[in-house]
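Raw input_17.txt, compact mmCIF, C-alpha atoms:
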# COMPACT_ATOMS: atom_id res chain seq x y z
CA MET G 277 31.99 163.10 -151.05
CA ARG G 278 29.20 165.61 -151.57
CA GLY G 279 29.52 169.11 -150.15
CA GLU G 280 27.43 170.84 -147.53
CA ALA G 281 24.03 172.04 -148.77
CA ALA G 282 23.09 175.73 -148.64
CA ALA G 283 20.18 174.96 -146.32
CA HIS G 284 22.50 173.25 -143.84
CA MET G 285 25.19 175.94 -144.13
CA ILE G 286 22.76 178.80 -143.53
CA ARG G 287 21.27 177.01 -140.50
CA ARG G 288 24.68 176.12 -139.08
CA LEU G 289 26.20 179.58 -139.42
CA SER G 290 23.08 181.33 -138.15
CA LEU G 291 22.84 179.07 -135.10
CA GLY G 292 26.55 179.60 -134.48
CA LYS G 293 25.87 183.30 -134.13
CA GLY G 294 22.84 182.63 -131.92
CA TRP G 295 20.58 184.38 -134.44
CA SER G 296 16.88 183.84 -134.97
CA GLN G 297 15.52 183.57 -138.51
CA GLU G 298 14.16 187.10 -138.16
CA ARG G 299 17.57 188.41 -137.08
CA LEU G 300 19.27 186.82 -140.11
CA ALA G 301 16.65 188.33 -142.43
CA ASN G 302 17.29 191.79 -140.95
CA GLU G 303 21.07 191.41 -141.20
CA ALA G 304 20.81 190.37 -144.86
CA CYS G 305 18.60 193.38 -145.57
CA ARG G 306 21.17 195.61 -143.87
CA ALA G 307 23.96 194.10 -146.01
CA ALA G 308 21.86 194.77 -149.12
CA GLY G 309 21.07 198.32 -148.05
CA LEU G 310 17.33 197.58 -148.21
CA PRO G 311 14.46 198.15 -145.73
CA PRO G 312 14.20 195.52 -142.93
CA ASP G 313 11.09 193.84 -144.33
CA SER G 314 12.55 193.28 -147.81
CA LEU G 315 13.53 189.77 -146.71
CA LYS G 316 11.20 188.09 -144.19
CA ARG G 317 11.61 185.45 -141.52
CA GLN G 318 9.44 183.09 -143.61
CA ASP G 319 11.95 183.40 -146.47
CA ILE G 320 14.81 182.38 -144.18
CA TYR G 321 12.71 179.48 -142.94
CA ARG G 322 12.29 178.24 -146.53
CA TYR G 323 16.01 178.66 -147.26
CA GLU G 324 16.91 176.68 -144.11
CA LYS G 325 14.42 173.95 -145.02
CA GLY G 326 15.80 173.69 -148.55
CA LYS G 327 12.38 174.59 -149.95
CA ARG G 328 13.80 177.57 -151.83
CA THR G 329 17.25 178.68 -153.06
CA PRO G 330 18.34 182.21 -152.05
CA ARG G 331 19.64 183.13 -155.55
CA GLU G 332 19.74 186.97 -155.61
CA TRP G 333 20.03 187.06 -151.81
CA LEU G 334 23.10 184.79 -151.77
CA PRO G 335 25.73 187.61 -151.66
CA PHE G 336 23.92 189.43 -148.87
CA LEU G 337 23.33 186.28 -146.79
CA ALA G 338 27.02 185.45 -147.22
CA ALA G 339 27.98 188.95 -146.06
CA ALA G 340 25.66 188.76 -143.06
CA LEU G 341 26.96 185.31 -142.06
CA GLY G 342 30.61 186.24 -142.62
CA VAL G 343 31.34 183.56 -145.22
CA PRO G 344 32.84 184.00 -148.74
CA VAL G 345 30.03 184.19 -151.27
CA VAL G 346 31.70 181.49 -153.39
CA GLU G 347 31.28 178.98 -150.54
CA LEU G 348 27.58 179.67 -150.26
CA GLU G 349 27.22 179.50 -154.04
CA GLN G 350 28.93 176.11 -154.09
CA ALA G 351 26.66 174.93 -151.30
CA ALA G 352 23.62 176.12 -153.24
CA ALA G 353 24.82 174.13 -156.26
CA THR G 354 24.94 170.82 -154.37
CA GLY G 355 22.04 168.47 -153.94
CA ALA G 356 23.01 167.45 -150.43
CA GLN G 357 19.91 168.74 -148.61
CA ASP G 358 19.02 165.22 -147.56
CA SER G 359 22.21 164.99 -145.49
CA ALA G 360 21.40 168.08 -143.40
CA PRO G 361 20.80 167.25 -139.73
CA VAL G 362 17.37 167.86 -138.24
CA THR G 363 17.00 171.07 -136.27
CA VAL G 364 14.22 172.58 -134.17
CA ALA G 365 13.34 174.87 -137.10
CA ASP G 366 12.42 171.81 -139.18
CA PHE G 367 9.37 171.29 -136.96
CA LEU G 368 7.98 174.82 -137.34
CA PRO G 369 5.27 175.81 -139.87
CA ASP G 370 5.77 178.42 -142.60
CA THR G 371 3.42 180.95 -141.03
CA ASP G 372 4.32 182.92 -137.92
CA PRO G 373 1.42 183.77 -135.58
CA LEU G 374 3.64 186.27 -133.75
CA THR G 375 4.15 188.61 -136.69
CA PRO G 376 3.40 192.13 -135.35
CA LEU G 377 0.55 194.04 -136.94
CA LYS G 378 1.62 196.65 -139.47
CA VAL G 379 -0.33 199.32 -137.61
CA ARG G 380 -0.15 198.99 -133.84
CA LYS G 381 -3.03 200.67 -132.04
CA GLY G 382 -2.45 199.19 -128.59
CA ARG G 383 -0.93 200.87 -125.58
CA ARG G 384 2.74 201.28 -124.83
CA ILE G 385 4.18 198.16 -123.18
CA GLY G 386 6.88 198.58 -120.55
CA ALA G 387 9.12 196.42 -118.35
CA GLY G 388 6.47 196.46 -115.61
CA ASP G 389 3.97 194.72 -117.92
CA VAL G 390 6.53 192.01 -118.65
CA THR G 391 7.21 191.54 -114.93
CA ASP G 392 3.48 191.21 -114.24
CA LEU G 393 3.15 188.61 -116.99
CA ALA G 394 6.17 186.69 -115.62
CA GLY G 395 4.47 186.51 -112.22
CA ARG G 396 1.27 185.12 -113.73
CA VAL G 397 3.22 182.57 -115.79
CA HIS G 398 5.04 181.28 -112.72
CA GLY G 399 1.77 181.19 -110.80
CA LEU G 400 0.38 178.94 -113.53
CA ARG G 401 3.38 176.63 -113.14
CA LEU G 402 2.86 176.38 -109.38
CA ALA G 403 -0.85 175.69 -109.92
CA ASP G 404 0.08 172.87 -112.30
CA ASP G 405 1.99 171.22 -109.45
CA VAL G 406 -1.26 170.56 -107.59
CA LEU G 407 -3.98 170.77 -110.26
CA ALA G 408 -4.49 168.82 -113.48
CA GLY G 409 -4.78 169.89 -117.10
CA GLY G 410 -8.56 169.69 -117.20
CA ASP G 411 -8.74 172.22 -114.35
CA LEU G 412 -6.22 174.69 -115.83
CA ILE G 413 -6.69 174.55 -119.60
CA GLY G 414 -9.21 177.42 -119.73
CA PRO G 415 -7.17 179.96 -117.72
CA ALA G 416 -3.95 178.91 -119.50
CA LEU G 417 -5.36 179.48 -122.99
CA ARG G 418 -6.90 182.82 -122.04
CA GLU G 419 -3.58 184.00 -120.60
CA LEU G 420 -1.69 182.91 -123.72
CA LYS G 421 -4.14 184.59 -126.09
CA SER G 422 -3.92 187.80 -124.07
CA ALA G 423 -0.10 187.76 -124.08
CA VAL G 424 0.12 187.27 -127.86
CA LYS G 425 -2.40 190.07 -128.39
CA LEU G 426 -0.31 192.31 -126.13
CA TYR G 427 2.81 191.66 -128.21
CA ARG G 428 1.19 192.01 -131.61
CA GLU G 429 -0.90 195.11 -130.90
CA GLY G 430 1.13 196.98 -128.30
CA SER G 431 4.15 199.19 -128.91
CA HIS G 432 7.42 198.63 -127.08
CA THR G 433 11.16 198.98 -127.28
CA GLU G 434 13.25 196.20 -128.84
CA GLU G 435 14.48 195.12 -125.41
CA VAL G 436 10.98 194.98 -123.93
CA GLY G 437 9.79 193.14 -127.04
CA ARG G 438 12.43 190.43 -126.56
CA SER G 439 11.53 190.07 -122.89
CA LEU G 440 7.86 189.83 -123.79
CA LEU G 441 8.60 187.16 -126.39
CA SER G 442 10.52 185.15 -123.79
CA GLN G 443 7.55 185.30 -121.43
CA ILE G 444 5.22 184.22 -124.25
CA GLY G 445 7.59 181.29 -124.82
CA GLU G 446 7.53 180.35 -121.13
CA LEU G 447 3.75 180.71 -121.05
CA ALA G 448 3.42 178.52 -124.15
CA GLN G 449 5.53 175.82 -122.51
CA ILE G 450 3.31 175.50 -119.44
CA ALA G 451 0.11 176.01 -121.48
CA GLY G 452 1.23 173.29 -123.91
CA TRP G 453 2.01 170.98 -120.99
CA ILE G 454 -1.44 171.66 -119.52
CA ALA G 455 -3.16 171.05 -122.88
CA SER G 456 -1.25 167.78 -123.29
CA ASP G 457 -2.25 166.69 -119.79
CA ALA G 458 -5.86 167.43 -120.69
CA GLY G 459 -5.54 165.11 -123.70
CA ARG G 460 -5.67 167.94 -126.25
CA HIS G 461 -2.51 166.91 -128.07
CA ASP G 462 -3.09 168.72 -131.37
CA GLU G 463 -3.70 171.94 -129.49
CA ALA G 464 -0.64 171.35 -127.31
CA GLU G 465 1.51 170.88 -130.43
CA ARG G 466 0.32 174.20 -131.88
CA ILE G 467 0.99 175.95 -128.57
CA TYR G 468 4.49 174.48 -128.25
CA LYS G 469 5.34 175.58 -131.80
CA LEU G 470 4.06 179.08 -131.06
CA GLY G 471 6.36 179.13 -128.03
CA ILE G 472 9.35 177.90 -130.04
CA SER G 473 8.78 180.70 -132.53
CA ALA G 474 8.61 183.27 -129.72
CA ALA G 475 11.75 181.93 -128.01
CA GLN G 476 13.68 181.91 -131.28
CA GLN G 477 12.70 185.50 -132.02
CA ALA G 478 13.78 186.41 -128.49
CA GLU G 479 17.10 184.65 -129.23
CA ASN G 480 16.65 182.56 -126.09
CA ALA G 481 18.28 179.23 -127.00
CA THR G 482 17.73 177.64 -123.56
CA LEU G 483 14.01 178.33 -123.73
CA VAL G 484 13.84 176.99 -127.31
CA GLY G 485 15.36 173.77 -125.97
CA ASN G 486 12.78 173.54 -123.20
CA LEU G 487 9.83 174.03 -125.56
CA ALA G 488 11.20 171.69 -128.23
CA GLY G 489 11.98 169.08 -125.57
CA SER G 490 8.44 169.34 -124.21
CA LEU G 491 6.98 168.77 -127.67
CA ALA G 492 9.41 165.89 -128.24
CA TYR G 493 8.21 164.34 -124.97
CA GLN G 494 4.61 164.52 -126.21
CA TYR G 495 5.59 162.96 -129.53
CA SER G 496 7.32 160.10 -127.73
CA ASN G 497 4.23 159.45 -125.62
CA THR G 498 1.68 159.60 -128.44
CA GLY G 499 3.01 157.06 -130.92
CA GLN G 500 5.39 159.42 -132.77
CA GLU G 501 8.58 157.86 -131.46
CA ARG G 502 10.73 158.79 -134.48
CA GLU G 503 9.69 162.46 -134.32
CA GLY G 504 10.21 162.46 -130.56
CA LEU G 505 13.76 161.16 -130.92
CA LEU G 506 14.71 163.60 -133.68
CA LEU G 507 13.24 166.62 -131.91
CA SER G 508 14.64 165.75 -128.47
CA ARG G 509 18.12 165.58 -129.99
CA ALA G 510 17.55 168.84 -131.87
CA ALA G 511 16.37 170.49 -128.63
CA LEU G 512 19.57 169.46 -126.86
CA GLU G 513 21.65 170.71 -129.78
CA GLN G 514 19.74 174.00 -129.87
CA ALA G 515 20.38 174.65 -126.17
CA GLY G 516 24.10 174.10 -126.69
CA GLU G 517 26.95 173.29 -124.35
CA ASP G 518 26.63 176.66 -122.61
CA ALA G 519 23.08 175.99 -121.39
CA PRO G 520 22.65 175.92 -117.57
CA PRO G 521 23.36 172.49 -116.03
CA LYS G 522 19.73 172.01 -115.00
CA ALA G 523 18.60 172.68 -118.56
CA ARG G 524 21.03 170.20 -120.08
CA ALA G 525 20.05 167.60 -117.48
CA LEU G 526 16.37 168.00 -118.35
CA TYR G 527 16.95 167.90 -122.10
CA LEU G 528 19.17 164.81 -121.76
CA ASP G 529 16.41 163.17 -119.72
CA ARG G 530 14.01 163.75 -122.61
CA VAL G 531 16.54 162.27 -125.03
CA ALA G 532 16.76 159.23 -122.73
CA TRP G 533 12.98 158.86 -122.74
CA ALA G 534 12.80 159.23 -126.52
CA HIS G 535 15.38 156.45 -126.96
CA THR G 536 13.44 154.34 -124.47
CA LYS G 537 10.16 154.71 -126.35
CA ALA G 538 12.06 153.82 -129.53
CA ASN G 539 13.27 150.67 -127.70
CA GLU G 540 16.92 151.73 -127.83
CA ALA G 541 18.23 150.71 -124.42
CA GLN G 542 21.93 151.56 -124.63
CA PRO G 543 21.53 155.14 -125.94
CA ALA G 544 18.84 155.68 -123.29
CA MET G 545 21.21 154.57 -120.52
CA ARG G 546 24.00 156.79 -121.83
CA ALA G 547 21.69 159.81 -121.88
CA LEU G 548 20.63 159.11 -118.29
CA GLY G 549 24.26 159.06 -117.20
CA GLU G 550 24.96 162.31 -119.04
CA ALA G 551 21.92 163.90 -117.41
CA SER G 552 23.20 163.06 -113.93
CA ALA G 553 26.64 164.37 -114.82
CA ALA G 554 25.14 167.62 -116.12
CA LEU G 555 23.09 168.16 -112.95
CA ALA G 556 26.20 167.57 -110.83
CA GLU G 557 27.68 170.71 -112.40
CA GLU G 558 24.91 172.88 -110.92
CA SER G 559 26.27 175.59 -108.63
CA GLU G 560 25.21 178.89 -107.10
CA ALA G 561 27.58 180.66 -109.48
CA ARG G 562 25.48 179.50 -112.45
CA GLU G 563 21.89 180.65 -112.17
CA SER G 564 19.19 178.60 -113.91
CA PRO G 565 15.96 180.01 -115.35
CA GLN G 566 13.09 180.11 -112.88
CA TYR G 567 11.05 177.63 -114.92
CA LEU G 568 13.57 174.90 -114.07
CA TYR G 569 12.89 175.17 -110.33
CA TRP G 570 11.57 171.59 -110.21
CA VAL G 571 14.60 169.91 -111.85
CA GLU G 572 16.60 168.13 -109.15
CA ALA G 573 18.14 164.74 -108.39
CA GLY G 574 14.83 163.20 -107.31
CA GLU G 575 13.21 164.03 -110.65
CA LEU G 576 16.11 162.44 -112.50
CA GLN G 577 15.59 159.34 -110.37
CA VAL G 578 11.95 159.28 -111.45
CA MET G 579 12.92 159.32 -115.12
CA GLU G 580 15.59 156.72 -114.53
CA SER G 581 13.09 154.41 -112.86
CA ARG G 582 10.56 154.95 -115.65
CA VAL G 583 13.19 154.08 -118.24
CA TYR G 584 14.02 150.89 -116.35
CA THR G 585 10.33 150.01 -116.12
CA GLU G 586 9.74 150.58 -119.81
CA LEU G 587 12.81 148.49 -120.66
CA LYS G 588 11.52 145.64 -118.45
CA ARG G 589 14.19 145.94 -115.77
CA PRO G 590 12.06 145.89 -112.62
CA LEU G 591 14.87 144.97 -110.21
CA ARG G 592 16.36 148.40 -110.91
CA ALA G 593 13.08 150.28 -111.20
CA VAL G 594 11.31 149.17 -108.01
CA PRO G 595 13.93 150.33 -105.44
CA LEU G 596 14.30 153.71 -107.17
CA LEU G 597 10.55 154.31 -107.31
CA ARG G 598 10.08 153.34 -103.67
CA GLU G 599 12.85 155.71 -102.65
CA VAL G 600 11.31 158.61 -104.59
CA LEU G 601 7.75 157.93 -103.45
CA ALA G 602 8.81 157.73 -99.80
CA ARG G 603 9.65 161.42 -99.81
CA TYR G 604 7.22 162.71 -102.44
CA ASP G 605 4.85 165.60 -101.66
CA ALA G 606 1.39 164.07 -101.24
CA THR G 607 -0.30 167.30 -102.39
CA HIS G 608 1.02 166.66 -105.92
CA THR G 609 -1.73 164.13 -106.57
CA ARG G 610 -1.33 163.73 -110.32
CA GLU G 611 2.42 163.07 -110.16
CA LEU G 612 1.96 160.73 -107.20
CA ALA G 613 -0.59 158.71 -109.19
CA LEU G 614 1.67 158.64 -112.24
CA TYR G 615 4.74 157.50 -110.32
CA LEU G 616 2.72 154.84 -108.50
CA SER G 617 1.51 153.59 -111.88
CA TRP G 618 5.09 152.93 -112.93
CA LEU G 619 5.70 151.12 -109.64
CA ALA G 620 2.62 148.94 -110.21
CA VAL G 621 3.87 147.89 -113.64
CA ALA G 622 7.40 147.26 -112.35
CA LEU G 623 6.03 145.09 -109.53
CA ALA G 624 3.99 143.08 -112.02
CA ASP G 625 7.10 142.63 -114.15
CA ALA G 626 8.93 141.46 -111.02
CA ASN G 627 6.26 138.77 -110.50
CA GLU G 628 4.79 140.44 -107.40
CA PRO G 629 1.09 140.48 -108.38
CA GLU G 630 -0.35 141.03 -104.90
CA GLU G 631 1.76 144.10 -104.25
CA ALA G 632 1.16 145.31 -107.80
CA ALA G 633 -2.59 145.05 -107.20
CA ALA G 634 -2.38 147.06 -103.98
CA THR G 635 -0.36 149.75 -105.72
CA ALA G 636 -2.77 149.76 -108.67
CA GLN G 637 -5.66 150.36 -106.29
CA ARG G 638 -3.88 153.44 -104.95
CA VAL G 639 -3.38 154.68 -108.50
CA ILE G 640 -7.08 154.25 -109.29
CA THR G 641 -8.15 155.99 -106.07
CA LEU G 642 -5.84 158.96 -106.60
CA SER G 643 -6.80 159.29 -110.27
CA ALA G 644 -10.55 159.28 -109.65
CA ASP G 645 -10.76 163.02 -108.94
CA VAL G 646 -7.89 164.19 -111.16
CA ALA G 647 -8.83 165.77 -114.51
CA SER G 648 -5.75 164.41 -116.26
CA GLU G 649 -5.64 162.37 -119.44
CA ARG G 650 -2.14 161.23 -118.46
CA THR G 651 -3.35 159.51 -115.30
CA ALA G 652 -6.37 158.05 -117.11
CA GLU G 653 -4.09 156.49 -119.72
CA ARG G 654 -1.72 155.17 -117.06
CA VAL G 655 -4.62 153.50 -115.25
CA LYS G 656 -5.42 151.64 -118.49
CA VAL G 657 -1.79 150.58 -118.85
CA VAL G 658 -1.68 149.26 -115.28
CA LEU G 659 -4.94 147.33 -115.61
CA ASN G 660 -3.83 145.78 -118.91
CA ARG G 661 -0.57 144.71 -117.31
CA LEU G 662 -2.42 143.07 -114.40
CA GLU G 663 -4.59 140.93 -116.71
CA GLU G 664 -1.83 138.32 -116.79
CA TYR G 665 -2.42 137.72 -113.06
CA ARG G 666 -6.24 137.65 -113.10
CA ASP G 667 -6.21 134.29 -111.31
CA VAL G 668 -4.66 135.95 -108.24
CA PRO G 669 -7.57 136.94 -105.93
CA GLU G 670 -6.15 140.38 -105.06
CA VAL G 671 -5.64 141.19 -108.73
CA ARG G 672 -9.05 139.87 -109.76
CA GLU G 673 -10.71 142.09 -107.16
CA VAL G 674 -9.00 145.22 -108.51
CA LEU G 675 -9.81 144.32 -112.13
CA ASP G 676 -13.45 143.56 -111.37
CA GLU G 677 -13.93 146.79 -109.43
CA ALA G 678 -12.34 148.79 -112.22
CA ALA G 679 -14.57 147.11 -114.79

Represent the supplied structure as structure tokens.
Amino acid sequence: MRGEAAAHMIRRLSLGKGWSQERLANEACRAAGLPPDSLKRQDIYRYEKGKRTPREWLPFLAAALGVPVVELEQAAATGAQDSAPVTVADFLPDTDPLTPLKVRKGRRIGAGDVTDLAGRVHGLRLADDVLAGGDLIGPALRELKSAVKLYREGSHTEEVGRSLLSQIGELAQIAGWIASDAGRHDEAERIYKLGISAAQQAENATLVGNLAGSLAYQYSNTGQEREGLLLSRAALEQAGEDAPPKARALYLDRVAWAHTKANEAQPAMRALGEASAALAEESEARESPQYLYWVEAGELQVMESRVYTELKRPLRAVPLLREVLARYDATHTRELALYLSWLAVALADANEPEEAAATAQRVITLSADVASERTAERVKVVLNRLEEYRDVPEVREVLDEAA
């Protein structure tokens, strides 16, 4: 049996301490008695990826991680990198766009600036509830660019810097979601990765999980099912068992969806059950981050019904979707159109073409004035599904009007 690789060991021990790559680099420098920038975050990234062997830094990494140097040396001597599990860090690029400038000429940043930014970030989330990506992409990108500039050029205490990084991570999550909704998937991926980097540097494991899970969700929906499954699992692992119940429920939901898109029914069902169990642990004694305000039982029902629809189990999907839609806020037009699109497909799968056609017409009407690539794609899916029933007059009318 081959031993644990150095890359895996360094990742495992560092994550066990809740350290970012930057924190590990600083601790190794401290153990070596060298200036903080003697070993950089990018070096740790390469060690954790197995792209480079620490060599002269081995004793100091071992000291920082609290492991006998002989164990790390043995790990470095193995060729077991291929057996290392995938982590969130495996999806990040070598370069770090959040590296502070060597000479900071900006103003002093305080807690009040972070609070102001937090308010604007949450305002963007609330706007996303009622507006689509095409409407919000401009303001979201401007806000993100401004926040990164504030961090890189301003001066601040270590505590304020961490808080600012967390807000940049939260902003990147909603900005990435908006970019994805606008159909700008490459840009969304870059934004999500920027956010993951910020959250890791802030040592905010729950936020890392949210960002990584969001990117995994995009992968699963854009033909990268394998990457979506790997990253959704890594996001759940990154958040850890101590993550707030709402967070674990959301991340398990994304694992369920990733398994679904990979056509793995049983693991998807297990993840759904675990998500419900996690949410049931929510209590007033355990406060969840503000960005999880929307995670509740109804949203888990939506995901459950979507999983059933995708797995061609309409008898389970239709009742759940009807129950959710009966109480859904009509001002959330995009989500209403999306959920109705799943109902239309489930009804078609249940051999109810007339009702599917009526539901499809509602989807088309709602989507007409929504600047969302998601709804546009779902309209195509619904219309393609209805083609089987073109001989049914109600269906033919919807298809002809859409054409």

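Excluding stretch 332-347 of chain G itself and any same-chain residue fewer than 2 positions from it, the protein and nucleic acid residues within 8 Å of it, counting all atoms listed in the file, are Ile286, Leu289, Ser290, Leu300, Glu303, Ala304, Cys305, Ala307, Ala308, Pro330, Glu349, Gln350 and Ala351 of chain G.
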
*asked:* For a quick check of your reading of the model, name the residues lying within 10 Å of the coordinate (13.5, 161.1, -114.6), counting only C-alpha atoms, and write them as a PyMOL selection string.
replied: chain G and resi 525-526+528-530+532-533+548+551-552+571-583

When you look at G:His608 with a cut-off of 9 Å (counting all atoms listed in the file), what residues show up, excluding the ones that are within fewer than 2 positions of it in the same chain? I need them as a CSV table (one decimal) with C-alpha atoms, in the frame of the given file.
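And here's out-v3.csv as it stands now:
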chain,number,residue,atom,x,y,z
G,404,ASP,CA,0.1,172.9,-112.3
G,405,ASP,CA,2.0,171.2,-109.4
G,406,VAL,CA,-1.3,170.6,-107.6
G,407,LEU,CA,-4.0,170.8,-110.3
G,604,TYR,CA,7.2,162.7,-102.4
G,605,ASP,CA,4.8,165.6,-101.7
G,606,ALA,CA,1.4,164.1,-101.2
G,610,ARG,CA,-1.3,163.7,-110.3
G,611,GLU,CA,2.4,163.1,-110.2
G,612,LEU,CA,2.0,160.7,-107.2
G,613,ALA,CA,-0.6,158.7,-109.2

*asked:* Restricting the calculation to only C-alpha atoms: of G:Asp518, G:Thr609, G:Gly430, G:Glu435, which residue gets closest to G:Ala644?
replied: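 Closest to G:Ala644, using only C-alpha atoms: G:Thr609.
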
_If we draw a sphere of 9 Å around (7.2, 166.4, -125.5), which residues have at least one atom in it when counting only C-alpha atoms? Please report them as a PyMOL selection string._
chain G and resi 453+456+465+468+487-497+504+507-508+530

*asked:* Neighbouring residues of G:Ala652 were defined as those with any atom within 10 Å, considering all atoms listed in the file; residues of the same chain fewer than 3 positions away were excluded. Please report them as a list of chain:residue names.
replied: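 Skipping anything fewer than 3 positions along the chain leaves G:Asp457, G:Gly459, G:Ala613, G:Leu614, G:Val639, G:Ile640, G:Ser643, G:Ala644, G:Val646, G:Ala647, G:Ser648, G:Glu649, G:Val655, G:Lys656, G:Val657.
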
*Which residue, G:Thr635, G:Thr536, G:Thr433, G:Gln449, has the smallest gap to G:Val621 when you use only C-alpha atoms?*
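Looking only at the distances to G:Val621, the closest residue turns out to be G:Thr635.
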
*Neighbours of G:Arg317 within 9 Å (all atoms listed in the file; same-chain residues fewer than 2 positions away dropped), as a ChimeraX atom specification?*
/G:296-302,313,315,319-322,372

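Compared by their closest atoms to G:Ser473, and using all atoms listed in the file, the residues G:Ala556, G:Ala403, G:Ala515, G:Val364 rank with G:Val364 nearest.
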
Could you work out an axis-aligned box for stretch 282-301 of chain G, taking every atom the file lists and adding 6 Å on each side, and report centre and edge lengths in Å to one decimal, as JSON?
{"center_x": 20.4, "center_y": 180.8, "center_z": -140.3, "size_x": 24.4, "size_y": 27.2, "size_z": 28.7}

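Residue nearest G:Pro415, chosen from G:Leu440, G:Ala534, G:Leu400, G:Ala544 and counting only C-alpha atoms: G:Leu400.
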
*Just the residues within 12 Å of G:Gln566, please, counting all atoms listed in the file, with nothing from its chain fewer than 4 positions along; format it as a PyMOL selection string.*
chain G and resi 394-395+397-399+401-402+443+446+482-483+520+522-523+570-571

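Proximity to G:Asp411 was assessed for G:Asp625, G:Ile454, G:Arg592, G:Pro311 counting all atoms listed in the file; the smallest distance is recorded for G:Ile454.
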
Any chance you could build stretch 313-325 of chain G out to N, CA, C and O atoms and write it as a tab-separated table (two decimals), in the coordinates of the input?
chain	number	residue	atom	x	y	z
G	313	ASP	N	12.08	194.85	-143.96
G	313	ASP	CA	11.09	193.84	-144.33
G	313	ASP	C	11.22	193.39	-145.78
G	313	ASP	O	10.34	192.70	-146.31
G	314	SER	N	12.34	193.73	-146.43
G	314	SER	CA	12.55	193.28	-147.81
G	314	SER	C	12.76	191.77	-147.88
G	314	SER	O	12.40	191.11	-148.86
G	315	LEU	N	13.38	191.21	-146.86
G	315	LEU	CA	13.53	189.77	-146.71
G	315	LEU	C	12.88	189.40	-145.39
G	315	LEU	O	13.16	190.01	-144.37
G	316	LYS	N	11.99	188.40	-145.38
G	316	LYS	CA	11.20	188.09	-144.19
G	316	LYS	C	11.68	186.81	-143.52
G	316	LYS	O	12.41	186.00	-144.11
G	317	ARG	N	11.26	186.65	-142.27
G	317	ARG	CA	11.61	185.45	-141.52
G	317	ARG	C	11.15	184.20	-142.26
G	317	ARG	O	11.84	183.18	-142.28
G	318	GLN	N	9.95	184.25	-142.89
G	318	GLN	CA	9.44	183.09	-143.61
G	318	GLN	C	10.34	182.70	-144.77
G	318	GLN	O	10.47	181.51	-145.10
G	319	ASP	N	11.01	183.70	-145.40
G	319	ASP	CA	11.95	183.40	-146.47
G	319	ASP	C	13.15	182.63	-145.94
G	319	ASP	O	13.61	181.65	-146.55
G	320	ILE	N	13.68	183.08	-144.80
G	320	ILE	CA	14.81	182.38	-144.18
G	320	ILE	C	14.42	180.96	-143.81
G	320	ILE	O	15.18	180.01	-144.00
G	321	TYR	N	13.20	180.81	-143.29
G	321	TYR	CA	12.71	179.48	-142.94
G	321	TYR	C	12.77	178.56	-144.17
G	321	TYR	O	13.24	177.42	-144.10
G	322	ARG	N	12.31	179.06	-145.32
G	322	ARG	CA	12.29	178.24	-146.53
G	322	ARG	C	13.70	177.94	-147.03
G	322	ARG	O	13.98	176.84	-147.51
G	323	TYR	N	14.62	178.91	-146.88
G	323	TYR	CA	16.01	178.66	-147.26
G	323	TYR	C	16.60	177.57	-146.37
G	323	TYR	O	17.31	176.66	-146.85
G	324	GLU	N	16.34	177.66	-145.06
G	324	GLU	CA	16.91	176.68	-144.11
G	324	GLU	C	16.29	175.30	-144.28
G	324	GLU	O	16.91	174.29	-143.93
G	325	LYS	N	15.08	175.24	-144.78
G	325	LYS	CA	14.42	173.95	-145.02
G	325	LYS	C	14.79	173.35	-146.37
G	325	LYS	O	14.44	172.21	-146.66
